[in-house]
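One file, upload-v5.txt, is given below (compact mmCIF, C-alpha atoms).
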# COMPACT_ATOMS: atom_id res chain seq x y z
CA MET A 293 55.66 46.92 25.89
CA PRO A 294 59.09 46.50 24.27
CA PHE A 295 59.71 48.23 20.98
CA ASN A 296 56.80 48.34 18.58
CA THR A 297 54.37 45.83 20.09
CA GLN A 298 51.16 45.10 18.22
CA ARG A 299 48.04 43.28 19.38
CA HIS A 300 46.94 40.44 17.11
CA GLN A 301 44.26 37.75 17.00
CA PHE A 302 44.02 34.59 14.94
CA ALA A 303 42.03 31.36 14.89
CA GLY A 304 43.53 28.44 16.83
CA HIS A 305 43.22 24.75 16.04
CA SER A 306 39.61 24.58 17.27
CA GLY A 307 38.49 27.88 15.75
CA ALA A 308 38.77 29.72 19.07
CA THR A 309 40.25 33.21 18.80
CA LEU A 310 43.77 33.32 20.21
CA ALA A 311 45.28 36.53 21.59
CA ALA A 312 48.81 37.42 20.54
CA ARG A 313 51.50 40.09 20.74
CA LEU A 314 53.91 40.78 17.90
CA ASP A 315 57.12 42.51 19.00
CA LEU A 316 58.62 44.25 15.98
CA PRO A 317 62.15 45.69 15.86
CA ASN A 318 62.52 49.38 15.18
CA GLY A 319 65.10 48.97 12.44
CA LYS A 320 65.53 46.49 9.62
CA LEU A 321 63.68 43.22 10.16
CA ARG A 322 65.82 40.09 9.78
CA ALA A 323 63.45 37.22 10.63
CA TYR A 324 60.36 36.15 12.60
CA ALA A 325 60.32 33.96 15.69
CA LEU A 326 57.43 32.11 17.35
CA PHE A 327 57.43 31.85 21.17
CA ALA A 328 55.58 29.09 23.07
CA HIS A 329 55.00 29.84 26.75
CA CYS A 330 55.18 27.49 29.73
CA PHE A 331 52.34 25.27 30.99
CA THR A 332 49.35 27.37 32.25
CA CYS A 333 51.43 30.56 31.72
CA SER A 334 50.63 33.30 29.21
CA LYS A 335 52.27 35.36 26.49
CA ASP A 336 52.60 38.23 28.99
CA LEU A 337 54.92 36.41 31.38
CA ALA A 338 57.70 38.87 32.29
CA ALA A 339 60.40 36.49 31.04
CA ALA A 340 58.69 36.14 27.65
CA ARG A 341 58.52 39.93 27.27
CA ARG A 342 62.18 40.37 28.18
CA ILE A 343 63.36 37.64 25.83
CA ALA A 344 61.28 39.13 23.02
CA ALA A 345 62.82 42.54 23.73
CA GLU A 346 66.34 41.16 23.38
CA LEU A 347 65.48 39.44 20.12
CA ALA A 348 63.78 42.56 18.75
CA ARG A 349 66.95 44.51 19.54
CA GLU A 350 68.75 42.20 17.10
CA GLY A 351 66.15 42.66 14.38
CA ILE A 352 64.07 39.55 15.13
CA ALA A 353 60.28 39.98 15.32
CA VAL A 354 58.63 37.73 17.92
CA LEU A 355 55.04 36.46 17.96
CA ARG A 356 53.97 35.26 21.41
CA PHE A 357 50.41 34.09 21.99
CA ASP A 358 48.14 32.48 24.56
CA PHE A 359 47.24 28.86 23.91
CA THR A 360 43.55 27.93 23.75
CA GLY A 361 41.84 28.47 27.11
CA LEU A 362 44.71 30.46 28.64
CA GLY A 363 45.43 34.15 29.16
CA SER A 364 43.30 36.31 26.89
CA SER A 365 42.55 33.56 24.37
CA GLU A 366 39.13 32.00 23.92
CA GLY A 367 38.31 28.33 24.43
CA GLU A 368 38.07 25.93 27.33
CA PHE A 369 41.32 24.80 28.94
CA ALA A 370 39.75 21.50 30.02
CA SER A 371 39.27 20.54 26.37
CA THR A 372 42.93 21.11 25.49
CA ASN A 373 46.01 18.92 25.75
CA PHE A 374 49.59 18.82 24.51
CA SER A 375 48.52 17.85 21.00
CA SER A 376 46.13 20.81 20.82
CA ASN A 377 48.97 23.13 21.89
CA VAL A 378 51.08 21.77 19.04
CA ALA A 379 48.16 22.39 16.67
CA ASP A 380 47.88 25.98 17.97
CA LEU A 381 51.57 26.49 17.16
CA VAL A 382 50.92 25.36 13.59
CA SER A 383 48.03 27.86 13.42
CA ALA A 384 50.32 30.62 14.70
CA ALA A 385 52.94 29.78 12.09
CA ASP A 386 50.27 29.81 9.38
CA TYR A 387 49.12 33.23 10.59
CA LEU A 388 52.65 34.64 10.38
CA ARG A 389 53.16 33.08 6.96
CA GLN A 390 49.95 34.61 5.60
CA ARG A 391 50.30 38.05 7.17
CA TYR A 392 54.06 38.58 7.24
CA GLN A 393 56.61 35.79 6.91
CA ALA A 394 56.81 32.24 8.28
CA PRO A 395 58.87 31.88 11.46
CA SER A 396 62.56 31.04 11.08
CA LEU A 397 62.98 30.38 14.80
CA LEU A 398 60.90 28.48 17.37
CA ILE A 399 61.42 29.24 21.07
CA GLY A 400 59.71 27.21 23.77
CA HIS A 401 59.71 27.67 27.53
CA SER A 402 59.06 24.61 29.75
CA LEU A 403 56.20 22.57 28.24
CA GLY A 404 56.26 25.09 25.39
CA GLY A 405 59.80 23.85 24.75
CA ALA A 406 58.53 20.29 24.32
CA ALA A 407 55.84 21.66 21.99
CA VAL A 408 58.30 23.41 19.67
CA LEU A 409 60.42 20.25 19.54
CA ALA A 410 57.34 18.28 18.52
CA VAL A 411 56.19 20.74 15.84
CA ALA A 412 59.44 21.94 14.26
CA ASN A 413 59.43 19.45 11.38
CA ASP A 414 55.86 20.47 10.50
CA ILE A 415 56.93 24.07 9.79
CA PRO A 416 59.34 23.82 6.84
CA GLU A 417 60.63 27.40 7.09
CA VAL A 418 62.01 26.88 10.61
CA CYS A 419 65.80 26.92 10.52
CA ALA A 420 66.56 26.78 14.28
CA VAL A 421 64.93 25.78 17.58
CA ALA A 422 65.66 26.96 21.13
CA THR A 423 64.24 25.50 24.35
CA ILE A 424 64.29 26.90 27.89
CA GLY A 425 63.78 24.54 30.83
CA ALA A 426 62.02 22.00 28.60
CA PRO A 427 61.02 18.50 29.78
CA ALA A 428 62.26 15.49 27.83
CA ASP A 429 58.94 13.75 28.50
CA VAL A 430 55.54 15.47 28.32
CA GLY A 431 54.34 13.13 31.05
CA HIS A 432 56.66 15.08 33.36
CA VAL A 433 53.95 17.71 33.73
CA LEU A 434 51.68 15.15 35.42
CA LYS A 435 53.94 15.24 38.47
CA ASN A 436 52.52 18.71 39.16
CA PHE A 437 49.02 17.26 39.57
CA GLY A 438 49.80 15.63 42.92
CA THR A 439 46.95 13.62 44.42
CA SER A 440 44.57 15.06 41.80
CA LEU A 441 46.08 12.67 39.24
CA GLU A 442 44.48 9.69 40.99
CA GLU A 443 41.11 11.46 40.99
CA ILE A 444 41.44 12.21 37.26
CA GLU A 445 42.20 8.54 36.57
CA LYS A 446 39.25 7.42 38.67
CA SER A 447 36.57 10.01 37.85
CA GLY A 448 37.70 11.24 34.43
CA ALA A 449 38.32 14.83 35.59
CA ALA A 450 39.43 16.82 38.61
CA ASP A 451 40.35 20.33 39.67
CA VAL A 452 44.13 20.81 39.77
CA GLU A 453 45.87 23.75 41.47
CA LEU A 454 48.76 25.00 39.37
CA ALA A 455 50.79 28.13 40.11
CA GLY A 456 48.10 29.38 42.51
CA ARG A 457 45.22 28.87 40.07
CA THR A 458 42.70 26.08 39.73
CA PHE A 459 42.21 24.29 36.38
CA LEU A 460 39.81 21.54 35.41
CA VAL A 461 41.86 18.73 33.87
CA ARG A 462 40.26 15.80 32.09
CA LYS A 463 41.56 12.28 31.58
CA GLN A 464 42.14 12.89 27.88
CA PHE A 465 44.87 15.39 28.85
CA VAL A 466 46.66 12.73 30.90
CA GLU A 467 46.35 10.09 28.20
CA ASP A 468 47.59 12.47 25.51
CA ALA A 469 50.60 13.48 27.61
CA ARG A 470 51.61 9.85 28.15
CA GLU A 471 51.42 9.10 24.43
CA GLN A 472 53.93 11.78 23.42
CA ARG A 473 57.47 10.77 22.42
CA ILE A 474 59.49 13.97 22.55
CA LYS A 475 62.89 12.28 22.37
CA ASP A 476 61.86 10.61 19.12
CA ALA A 477 60.92 14.05 17.75
CA VAL A 478 64.29 15.41 18.89
CA ALA A 479 66.16 12.58 17.16
CA ASN A 480 64.38 13.45 13.91
CA LEU A 481 64.59 17.23 14.33
CA ARG A 482 67.15 18.00 11.60
CA ARG A 483 67.39 21.59 12.82
CA PRO A 484 70.10 23.38 14.87
CA LEU A 485 69.06 23.12 18.52
CA LEU A 486 69.93 25.35 21.46
CA ILE A 487 69.08 23.96 24.92
CA LEU A 488 69.03 26.38 27.87
CA HIS A 489 68.41 24.96 31.34
CA ALA A 490 69.09 25.90 34.96
CA PRO A 491 70.96 23.30 37.05
CA LEU A 492 68.87 24.30 40.08
CA ASP A 493 65.52 24.12 38.26
CA GLU A 494 63.16 22.51 40.79
CA THR A 495 60.23 22.26 38.39
CA VAL A 496 61.93 20.54 35.45
CA GLY A 497 65.18 18.93 36.55
CA ILE A 498 68.46 19.40 34.70
CA GLU A 499 68.44 15.71 33.74
CA ASN A 500 65.79 16.62 31.14
CA ALA A 501 68.30 18.82 29.32
CA THR A 502 70.78 15.92 29.34
CA GLU A 503 68.23 13.58 27.77
CA ILE A 504 67.26 16.08 25.07
CA PHE A 505 70.90 16.82 24.29
CA ARG A 506 71.78 13.13 23.96
CA ALA A 507 68.79 12.49 21.69
CA ALA A 508 69.55 15.45 19.40
CA ARG A 509 71.78 15.41 16.36
CA HIS A 510 74.43 18.02 15.70
CA PRO A 511 74.47 20.98 15.45
CA LYS A 512 73.32 21.18 19.07
CA SER A 513 74.35 23.47 21.91
CA PHE A 514 73.74 23.63 25.65
CA VAL A 515 73.92 26.71 27.88
CA SER A 516 73.66 26.47 31.66
CA LEU A 517 71.50 29.16 33.29
CA ASP A 518 73.46 28.92 36.52
CA LYS A 519 71.26 30.02 39.45
CA ALA A 520 68.12 30.92 37.48
CA ASP A 521 64.73 29.52 38.51
CA HIS A 522 62.31 27.76 36.20
CA LEU A 523 60.25 30.86 35.33
CA LEU A 524 63.29 33.16 34.96
CA THR A 525 61.77 35.56 37.49
CA ASP A 526 65.02 37.52 37.77
CA PRO A 527 64.97 40.02 34.84
CA GLU A 528 68.72 39.59 34.40
CA ASP A 529 68.27 35.85 33.81
CA ALA A 530 65.58 36.48 31.18
CA ALA A 531 67.72 39.13 29.48
CA PHE A 532 70.68 36.73 29.46
CA VAL A 533 68.55 34.06 27.78
CA GLY A 534 67.43 36.58 25.16
CA ARG A 535 71.00 37.66 24.42
CA ILE A 536 72.22 34.07 24.14
CA ILE A 537 69.42 33.08 21.76
CA SER A 538 69.83 36.18 19.58
CA GLY A 539 73.60 35.75 19.40
CA TRP A 540 73.31 32.05 18.52
CA LEU A 541 70.62 32.75 15.95
CA THR A 542 72.78 35.12 13.89
CA ARG A 543 74.40 32.07 12.31
CA TYR A 544 71.07 30.89 10.92
CA VAL A 545 69.27 34.04 9.74
CA SER A 546 70.14 36.69 7.17
CA ALA A 547 72.83 39.20 8.03
CA ASP A 548 71.73 42.47 9.57
CA MET A 549 71.36 45.41 7.20
CA PRO A 550 72.67 48.89 8.01
CA GLN A 551 70.20 51.41 9.37
CA GLY A 552 71.61 54.18 7.18
CA GLU A 553 72.04 53.22 3.53
CA GLU A 554 73.16 56.66 2.36
CA PRO A 555 76.84 57.68 2.59
CA ILE A 556 76.24 59.70 5.76
CA GLU A 557 76.34 58.52 9.34
CA HIS A 558 72.86 57.60 10.49
CA ALA A 559 71.74 56.29 13.87
CA ARG A 560 68.22 55.43 15.01
CA VAL A 561 67.26 55.60 18.68
CA THR A 562 63.85 54.50 19.95
CA GLU A 563 62.33 53.90 23.38
CA THR A 564 61.79 50.22 24.16
CA GLY A 565 59.18 50.66 26.90
CA GLU A 566 61.37 48.65 29.29
CA GLY A 567 62.36 50.67 32.32
CA LYS A 568 62.31 54.45 32.44
CA PHE A 569 65.16 55.33 30.08
CA GLN A 570 66.06 52.30 27.96
CA ASN A 571 66.35 53.01 24.24
CA ALA A 572 67.15 50.70 21.35
CA VAL A 573 70.02 51.98 19.22
CA GLN A 574 70.83 50.95 15.66
CA ALA A 575 73.94 52.46 14.13
CA GLY A 576 74.84 50.99 10.78
CA GLY A 577 74.48 47.24 11.19
CA HIS A 578 75.00 47.37 14.96
CA ARG A 579 72.30 47.17 17.62
CA LEU A 580 72.63 47.96 21.31
CA PHE A 581 70.89 49.69 24.21
CA ALA A 582 71.27 53.18 25.59
CA ASP A 583 70.24 53.59 29.22
CA GLU A 584 71.03 55.26 32.52
CA PRO A 585 72.56 53.76 35.69
CA LYS A 586 70.27 52.20 38.29
CA ARG A 587 71.13 54.95 40.79
CA VAL A 588 69.20 57.45 38.64
CA GLY A 589 66.30 55.17 37.80
CA GLY A 590 67.59 53.31 34.74
CA LEU A 591 68.16 49.60 34.12
CA ASP A 592 71.89 50.04 33.39
CA SER A 593 71.37 47.91 30.26
CA GLY A 594 73.64 50.02 28.09
CA PRO A 595 75.89 53.09 28.01
CA SER A 596 74.41 56.45 29.00
CA PRO A 597 74.26 59.30 26.45
CA TYR A 598 77.43 60.85 27.87
CA ASP A 599 79.07 57.41 27.89
CA PHE A 600 78.40 57.27 24.16
CA LEU A 601 80.07 60.66 23.74
CA SER A 602 83.08 59.41 25.70
CA ILE A 603 83.15 56.22 23.61
CA ALA A 604 83.08 58.28 20.42
CA LEU A 605 85.98 60.44 21.56
CA GLY A 606 88.05 57.49 22.78
CA ALA A 607 87.44 55.37 19.66
CA CYS A 608 88.13 58.26 17.30
CA THR A 609 91.34 59.10 19.17
CA SER A 610 92.61 55.52 18.98
CA MET A 611 91.73 55.20 15.28
CA THR A 612 93.34 58.54 14.42
CA LEU A 613 96.56 57.62 16.21
CA ARG A 614 96.67 54.23 14.47
CA LEU A 615 96.24 55.87 11.06
CA TYR A 616 99.05 58.30 11.90
CA SER A 617 101.40 55.56 13.11
CA ASP A 618 100.76 53.45 9.99
CA HIS A 619 101.31 56.45 7.72
CA LYS A 620 104.59 57.33 9.45
CA LYS A 621 105.56 53.63 9.76
CA LEU A 622 105.93 53.98 13.51
CA SER A 623 106.15 50.84 15.61
CA LEU A 624 103.43 51.90 18.02
CA GLY A 625 102.17 49.40 20.61
CA ARG A 626 98.51 48.75 21.33
CA ILE A 627 96.66 52.01 21.97
CA GLY A 628 94.28 52.47 24.88
CA VAL A 629 92.21 55.58 25.61
CA ASP A 630 90.37 56.28 28.87
CA VAL A 631 87.79 59.05 28.67
CA SER A 632 85.85 60.55 31.57
CA HIS A 633 83.24 63.29 31.48
CA ALA A 634 82.36 65.88 34.10
CA LYS A 635 80.63 69.23 34.49
CA ILE A 636 83.10 71.72 35.90
CA HIS A 637 83.02 75.40 36.81
CA ALA A 638 84.28 77.46 33.90
CA GLU A 639 86.74 79.33 36.09
CA ASP A 640 88.45 76.01 36.89
CA CYS A 641 89.17 75.36 33.21
CA GLU A 642 92.75 76.15 32.33
CA GLU A 643 92.27 75.94 28.56
CA CYS A 644 88.90 77.68 28.14
CA THR A 645 88.27 80.70 25.95
CA GLU A 646 86.85 83.96 27.33
CA ARG A 647 83.45 83.06 25.89
CA GLU A 648 83.50 79.70 27.68
CA LEU A 649 84.69 81.27 30.94
CA GLY A 650 81.53 83.36 31.04
CA SER A 651 79.21 80.36 30.69
CA GLY A 652 79.19 79.12 34.29
CA ARG A 653 79.55 75.31 34.15
CA ILE A 654 81.01 73.57 31.12
CA ASP A 655 81.55 70.01 29.92
CA GLN A 656 85.05 68.62 30.29
CA PHE A 657 86.26 65.35 28.77
CA GLU A 658 89.50 64.07 30.26
CA ARG A 659 91.40 61.79 27.90
CA VAL A 660 94.27 59.55 29.04
CA ILE A 661 96.16 57.80 26.25
CA SER A 662 98.26 54.74 27.02
CA ILE A 663 100.48 52.83 24.60
CA ASP A 664 101.81 49.35 25.28
CA GLY A 665 105.58 49.35 25.57
CA GLY A 666 105.69 53.09 26.14
CA ILE A 667 106.91 55.85 23.83
CA SER A 668 109.82 58.26 23.74
CA GLU A 669 109.52 61.70 25.23
CA ALA A 670 109.97 63.22 21.77
CA LEU A 671 107.00 61.26 20.42
CA ARG A 672 104.78 62.00 23.42
CA SER A 673 104.04 65.61 22.39
CA LYS A 674 103.40 64.52 18.78
CA ILE A 675 100.90 61.92 19.97
CA GLU A 676 99.09 64.61 21.95
CA GLU A 677 99.03 66.87 18.89
CA ILE A 678 97.64 64.15 16.60
CA ALA A 679 95.02 63.17 19.17
CA GLY A 680 93.76 66.75 18.99
CA LYS A 681 93.12 66.27 15.27
CA CYS A 682 90.66 63.45 15.86
CA PRO A 683 87.41 64.45 14.05
CA VAL A 684 85.22 63.81 17.11
CA HIS A 685 87.61 65.92 19.21
CA ARG A 686 87.19 68.77 16.72
CA THR A 687 83.42 68.34 16.66
CA LEU A 688 83.17 68.48 20.46
CA GLU A 689 85.32 71.60 20.63
CA SER A 690 83.51 73.37 17.78
CA ILE A 691 79.98 74.75 17.67
CA ALA A 692 77.98 71.99 16.00
CA LYS A 693 74.70 72.74 14.24
CA ILE A 694 71.75 70.53 15.13
CA LYS A 695 68.80 70.49 12.75
CA THR A 696 65.61 69.08 14.27
CA VAL A 697 62.55 67.87 12.35
CA VAL A 698 59.45 66.63 14.23
CA LYS A 699 57.25 64.26 12.25
Would you encode the structure as structure tokens?
Amino acid sequence: MPFNTQRHQFAGHSGATLAARLDLPNGKLRAYALFAHCFTCSKDLAAARRIAAELAREGIAVLRFDFTGLGSSEGEFASTNFSSNVADLVSAADYLRQRYQAPSLLIGHSLGGAAVLAVANDIPEVCAVATIGAPADVGHVLKNFGTSLEEIEKSGAADVELAGRTFLVRKQFVEDAREQRIKDAVANLRRPLLILHAPLDETVGIENATEIFRAARHPKSFVSLDKADHLLTDPEDAAFVGRIISGWLTRYVSADMPQGEEPIEHARVTETGEGKFQNAVQAGGHRLFADEPKRVGGLDSGPSPYDFLSIALGACTSMTLRLYSDHKKLSLGRIGVDVSHAKIHAEDCEECTERELGSGRIDQFERVISIDGGISEALRSKIEEIAGKCPVHRTLESIAKIKTVVK
């Protein structure tokens, strides 16, 4: 499970116990989001987990739950309909409000997208809404019933096969779906809206996104999901959706707070549970992933530990040179620093001390500094000298002390 994931239960609209997961960020918490899954899906859909992970990385806690009669929740699916799903969303928002904080963001996937559009005005704390592959008409879901729809109309109920599973659907579900007016709800939304949809979505066509966008008031945004499928089965597509939503949301939630509030550098690194090596990193007010390349079993979702060391050296070098050039009033072009890391045999090191030469293999960082427009030969040696005074350079070449405390 990504980050700190907690199991929760709360009463749905009918009193049935609904199963939920709350994905909490490791650092400072900025806001809560409520996620509504697709029709007959569950909170544990891989795409939902990945999207929640991306949001948690940005300090957004996400509550995802199973609607009545689905997944691990109690209740009978045959007694539910779109209106009951909307009522379950209200119950979920009430639960968050009572236990933690009301949701600032609603996210809905497929029919869950239509549900969050319908319910947004009933949750006053909601400041933004995002939909993924949402239909503009709830009746769209009836197309998935095939010939069973005629049987439902005639007999009042029928078994319907959806996504490889069989569900009993009653006529009240059909009637409720046909009564919904999602575009009217969109027109009255009065919330910032982000619409994400795949042009090649064969389950809910792209024309649905067009209808929702036209019905919505500004501020509204649309992002094409290119070649993604309806369920976002490719992990990269789900991660992309999560990054887009979290980036867009920063305009509407409180600013991130630094991880370290004391005047010392402080970084927090915590396993996410995604992949073998992925870790969430918060340094100051910045959040990102640390990972390993796919060739060694990682997800390649962020820089490796040695990449971070190279980044630190390169960034410190560039900043140090800029400070020097400003102080000396030098007209220095844009500075670029390429840093590579390798383990080399000590005897191949031309600049190593006798102590280092006796240590077998050592770490070597190769730094290549480039300056737009070039520099004079006289300045070149001075640039090399100043680069050597970069604090990270000095730290890497000195013997650093590492104090470890295990809690």
Write out as a list of chain:residue names the residues lying within 8 Å of range 594-607 of chain A, counting all atoms listed in the file and excluding same-chain residues fewer than 4 positions away.
-> A:Gln570, A:Leu580, A:Phe581, A:Ala582, A:Asp583, A:Glu584, A:Pro585, A:Met611, A:Val629, A:Asp630, A:Val631, A:Ser632, A:His633, A:Phe657, A:Arg659, A:Cys682, A:Val684, A:His685
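Reported to one decimal place, the separation of CA of Leu523 in chain A from CA of Asp493 in chain A is 9.0 Å.
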Find the spatial neighbours of Ser623 in chain A, counting all atoms listed in the file, within a cut-off of 10 Å - ignore same-chain residues fewer than 5 positions away - and output them as a count of residues only.
-> 3
Using only C-alpha atoms, find the one residue out of A:Val478, A:Ile663, A:Ile444, A:Leu362 that sits nearest to Val411 in chain A.
-> A:Val478
Can you list, as a ChimeraX atom specification, every protein, DNA or RNA residue that comes within 7 Å of Leu397 in chain A when you count all atoms listed in the file, leaving out same-chain residues fewer than 4 positions away?
-> /A:324-326,418-421
Writer output for current selection, C-alpha atoms, as a JSON list (two decimals), in the frame of the given file:
[["chain", "number", "residue", "atom", "x", "y", "z"],
["A", 324, "TYR", "CA", 60.36, 36.15, 12.60],
["A", 325, "ALA", "CA", 60.32, 33.96, 15.69],
["A", 326, "LEU", "CA", 57.43, 32.11, 17.35],
["A", 418, "VAL", "CA", 62.01, 26.88, 10.61],
["A", 419, "CYS", "CA", 65.80, 26.92, 10.52],
["A", 420, "ALA", "CA", 66.56, 26.78, 14.28],
["A", 421, "VAL", "CA", 64.93, 25.78, 17.58]]
Neighbours of point (44.0, 26.6, 21.6) within 12 Å, using all atoms listed in the file, written as a PyMOL selection string = chain A and resi 302-312+328+332+357-384
Would you mind telling me which residue in A:Asn480, A:Ser447, A:Thr502, A:Ser396 lies nearest to Gln464 in chain A when using only C-alpha atoms?
->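 Of the candidates, the smallest distance to Gln464 in chain A is held by A:Ser447.
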